[in-house]
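Asks: Before anything else, here's the structure in question.
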Amino acid sequence: MDGRDTDIGSRLRRLREARGISLSALARSAGIGKATLSGLELGTRNPTLETLYSVAGALGVPLTALVLEPGAPPAEAVRVPGAAVTATLLEVFEEPTATFELLRMHVRPGVVQHSPPHAPGVTEHVTVYAGVLRAGPVDAPLVAGPGEHISWQADVPHIYSTVGPDEVLATLLIRSPRPA
């Protein structure tokens, strides 16, 4: 485990405590075990993308709030792989009403990644450059090939997978509304 796991843990703890949420309450809200959450905060557990999205959603913050120190360049974001997706943060755009996270995304064939709901109002926008992607709400996934774009409300459980044997290369833009 490197210091970057500890960085995620300290950011997570700061966000949780700033909201006055107990470890138990956040674990329950995120749908993860209290021991898992405690291990993340202490930097003794390796986070998965799915777990971090669960925690970020429960806290009502974008993923970058956990993987990137405020004001740091995107290249310093901690890279966290998921079951099927490996995403690299390219840029974070801050506007008065929303935060936009732009990521390069690789989706490995033969695996389905289940993503938990994000905070209310979050949307995801994907443009595919190679391969065929199946993504979106679990109950109504969308399909896109090279040069195509799909988007959905991401405050519901959603998935990512490939259609066929080829890896998918895409960009993912996540729009997270700011609290009023």
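As shown in the structure tokens, the chain order sets the letters A, B, ...; within each chain, residues go from 1, and ligands are also counted from 1 in the order they appear.
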Tell me, counting only C-alpha atoms, for each residue of range 49-137 of chain A within 6 Å of range 23-44 of chain A, which pair of atoms is nearest and how far apart they are in Å to one decimal, in rows ordered by chain and increasing number, as a Markdown table.

Replies:
| residue | atom | partner | partner_atom | distance |
| --- | --- | --- | --- | --- |
| A:Ser54 | CA | A:Ala30 | CA | 5.0 |
| A:Val55 | CA | A:Ala30 | CA | 5.2 |
| A:Ala58 | CA | A:Ala30 | CA | 5.2 |

Asks: Restrict the selected residues to N, CA, C and O atoms and save them as a tab-separated table (two decimals), in the first residue's frame.

Replies:
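Saved to out06.tsv:
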chain	number	residue	atom	x	y	z
A	54	SER	N	-19.51	4.37	-4.47
A	54	SER	CA	-20.56	4.21	-3.44
A	54	SER	C	-20.40	5.24	-2.34
A	54	SER	O	-21.37	5.88	-1.91
A	55	VAL	N	-19.17	5.42	-1.89
A	55	VAL	CA	-18.89	6.37	-0.81
A	55	VAL	C	-19.11	7.80	-1.29
A	55	VAL	O	-19.73	8.61	-0.60
A	58	ALA	N	-22.78	8.50	-1.49
A	58	ALA	CA	-23.38	8.66	-0.16
A	58	ALA	C	-23.01	10.00	0.47
A	58	ALA	O	-23.80	10.58	1.22

Asks: Please identify the strand (DSSP E or B) residues within range 78-134 of chain A (assignment by DSSP from backbone atoms) and present them as a ChimeraX atom specification.

Replies: /A:85-94,98-107,113-115,123-130,133-134

Asks: Name the residues in contact with Thr48 in chain A at a cut-off of 6 Å, using only C-alpha atoms, excluding same-chain residues fewer than 2 positions from it; report them as a PyMOL selection string.

Replies: chain A and resi 50-51+82

Asks: Restricting the output to all heavy atoms, write the selected residues as a PDB file, in the first residue's frame.

Replies:
ATOM      1  N   GLU A  50     -15.682   0.823  -7.651  1.00  0.00           N
ATOM      2  CA  GLU A  50     -17.072   0.647  -7.247  1.00  0.00           C
ATOM      3  C   GLU A  50     -17.287   1.139  -5.809  1.00  0.00           C
ATOM      4  O   GLU A  50     -18.268   1.827  -5.517  1.00  0.00           O
ATOM      5  CB  GLU A  50     -17.495  -0.820  -7.361  1.00  0.00           C
ATOM      6  CG  GLU A  50     -17.497  -1.367  -8.769  1.00  0.00           C
ATOM      7  CD  GLU A  50     -16.149  -1.929  -9.240  1.00  0.00           C
ATOM      8  OE1 GLU A  50     -15.104  -1.682  -8.591  1.00  0.00           O
ATOM      9  OE2 GLU A  50     -16.143  -2.598 -10.270  1.00  0.00           O
ATOM     10  N   THR A  51     -16.368   0.803  -4.904  1.00  0.00           N
ATOM     11  CA  THR A  51     -16.484   1.221  -3.506  1.00  0.00           C
ATOM     12  C   THR A  51     -16.375   2.732  -3.378  1.00  0.00           C
ATOM     13  O   THR A  51     -17.161   3.368  -2.667  1.00  0.00           O
ATOM     14  CB  THR A  51     -15.411   0.533  -2.641  1.00  0.00           C
ATOM     15  OG1 THR A  51     -15.606  -0.883  -2.705  1.00  0.00           O
ATOM     16  CG2 THR A  51     -15.491   0.984  -1.194  1.00  0.00           C
ATOM     17  N   GLY A  82     -11.542  -0.597 -11.635  1.00  0.00           N
ATOM     18  CA  GLY A  82     -12.765  -1.289 -11.269  1.00  0.00           C
ATOM     19  C   GLY A  82     -12.739  -2.690 -11.844  1.00  0.00           C
ATOM     20  O   GLY A  82     -11.733  -3.125 -12.413  1.00  0.00           O
TER      21      GLY A  82
END

Asks: Using only C-alpha atoms, can you tell me which of A:Pro141, A:Gly57, A:Pro47, A:Pro70 comes closest to Val112 in chain A?

Replies: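 Of A:Pro141, A:Gly57, A:Pro47, A:Pro70, the one nearest Val112 in chain A, counting only C-alpha atoms, is A:Pro141.
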
Asks: Would you pick out the contacts of range 144-160 of chain A at 9 Å or less, using only C-alpha atoms, so that residues sharing its chain but fewer than 5 positions from it are not included, and give the list as a PyMOL selection string?

Replies: chain A and resi 57+84-85+107+111-139+168-170+174

Asks: Determine which residues of range 23-179 of chain A DSSP labels as helix (DSSP H, G or I) from the backbone of this structure, then write them out as an MDAnalysis selection string.

Replies: chainID A and resid 23:30 34:42 49:59 64:67 74:76

Asks: Those same residues, written as a CSV table (one decimal), in the first residue's frame with N, CA and C atoms?

Replies:
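Written file, selection-v8.csv:
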chain,number,residue,atom,x,y,z
A,23,LEU,N,-19.0,6.9,11.1
A,23,LEU,CA,-18.5,5.9,10.3
A,23,LEU,C,-19.6,4.8,10.0
A,24,SER,N,-20.4,4.5,11.0
A,24,SER,CA,-21.4,3.5,10.8
A,24,SER,C,-22.5,4.0,9.8
A,25,ALA,N,-22.9,5.2,10.0
A,25,ALA,CA,-24.0,5.8,9.1
A,25,ALA,C,-23.5,5.9,7.7
A,26,LEU,N,-22.3,6.3,7.5
A,26,LEU,CA,-21.8,6.4,6.1
A,26,LEU,C,-21.6,5.0,5.5
A,27,ALA,N,-21.1,4.0,6.2
A,27,ALA,CA,-21.0,2.7,5.7
A,27,ALA,C,-22.4,2.1,5.3
A,28,ARG,N,-23.4,2.4,6.1
A,28,ARG,CA,-24.8,1.9,5.8
A,28,ARG,C,-25.3,2.6,4.6
A,29,SER,N,-25.1,3.9,4.5
A,29,SER,CA,-25.6,4.7,3.4
A,29,SER,C,-24.9,4.3,2.1
A,30,ALA,N,-23.6,4.0,2.1
A,30,ALA,CA,-22.9,3.6,1.0
A,30,ALA,C,-23.0,2.1,0.6
A,34,LYS,N,-18.7,-1.6,7.7
A,34,LYS,CA,-18.0,-0.6,8.5
A,34,LYS,C,-16.5,-0.8,8.6
A,35,ALA,N,-16.1,-2.1,8.6
A,35,ALA,CA,-14.6,-2.4,8.6
A,35,ALA,C,-14.0,-2.0,7.3
A,36,THR,N,-14.7,-2.2,6.2
A,36,THR,CA,-14.1,-1.7,4.9
A,36,THR,C,-13.9,-0.2,4.9
A,37,LEU,N,-14.9,0.5,5.3
A,37,LEU,CA,-14.8,2.0,5.4
A,37,LEU,C,-13.7,2.4,6.3
A,38,SER,N,-13.6,1.8,7.5
A,38,SER,CA,-12.6,2.1,8.4
A,38,SER,C,-11.2,1.9,7.8
A,39,GLY,N,-11.1,0.7,7.1
A,39,GLY,CA,-9.8,0.4,6.4
A,39,GLY,C,-9.5,1.4,5.4
A,40,LEU,N,-10.5,1.9,4.6
A,40,LEU,CA,-10.2,2.9,3.6
A,40,LEU,C,-9.7,4.2,4.3
A,41,GLU,N,-10.4,4.6,5.3
A,41,GLU,CA,-10.0,5.9,6.0
A,41,GLU,C,-8.5,5.7,6.6
A,42,LEU,N,-8.2,4.6,7.1
A,42,LEU,CA,-6.8,4.4,7.6
A,42,LEU,C,-5.8,4.1,6.6
A,49,LEU,N,-12.9,1.0,-7.5
A,49,LEU,CA,-13.7,2.1,-8.1
A,49,LEU,C,-15.1,2.0,-7.7
A,50,GLU,N,-15.7,0.8,-7.7
A,50,GLU,CA,-17.1,0.6,-7.2
A,50,GLU,C,-17.3,1.1,-5.8
A,51,THR,N,-16.4,0.8,-4.9
A,51,THR,CA,-16.5,1.2,-3.5
A,51,THR,C,-16.4,2.7,-3.4
A,52,LEU,N,-15.4,3.3,-4.1
A,52,LEU,CA,-15.3,4.8,-4.0
A,52,LEU,C,-16.5,5.5,-4.6
A,53,TYR,N,-17.1,5.0,-5.6
A,53,TYR,CA,-18.3,5.6,-6.2
A,53,TYR,C,-19.4,5.5,-5.2
A,54,SER,N,-19.5,4.4,-4.5
A,54,SER,CA,-20.6,4.2,-3.4
A,54,SER,C,-20.4,5.2,-2.3
A,55,VAL,N,-19.2,5.4,-1.9
A,55,VAL,CA,-18.9,6.4,-0.8
A,55,VAL,C,-19.1,7.8,-1.3
A,56,ALA,N,-18.6,8.1,-2.5
A,56,ALA,CA,-18.8,9.5,-3.0
A,56,ALA,C,-20.3,9.8,-3.2
A,57,GLY,N,-21.0,8.8,-3.7
A,57,GLY,CA,-22.5,9.0,-3.8
A,57,GLY,C,-23.2,9.3,-2.5
A,58,ALA,N,-22.8,8.5,-1.5
A,58,ALA,CA,-23.4,8.7,-0.2
A,58,ALA,C,-23.0,10.0,0.5
A,59,LEU,N,-21.8,10.5,0.2
A,59,LEU,CA,-21.4,11.8,0.7
A,59,LEU,C,-21.9,13.0,-0.2
A,64,THR,N,-13.8,12.8,-7.7
A,64,THR,CA,-12.5,13.6,-7.6
A,64,THR,C,-12.3,14.1,-6.2
A,65,ALA,N,-13.4,14.3,-5.4
A,65,ALA,CA,-13.2,14.8,-4.0
A,65,ALA,C,-12.4,13.8,-3.2
A,66,LEU,N,-12.5,12.5,-3.6
A,66,LEU,CA,-11.8,11.4,-2.9
A,66,LEU,C,-10.4,11.1,-3.5
A,67,VAL,N,-10.2,11.2,-4.8
A,67,VAL,CA,-9.0,10.8,-5.4
A,67,VAL,C,-8.0,11.9,-5.8
A,74,PRO,N,-5.0,17.3,-12.5
A,74,PRO,CA,-5.6,15.9,-12.7
A,74,PRO,C,-4.6,14.8,-12.7
A,75,ALA,N,-3.4,15.1,-13.2
A,75,ALA,CA,-2.4,14.0,-13.3
A,75,ALA,C,-2.1,13.4,-12.0
A,76,GLU,N,-2.4,14.2,-10.9
A,76,GLU,CA,-2.0,13.7,-9.5
A,76,GLU,C,-3.2,12.8,-8.9
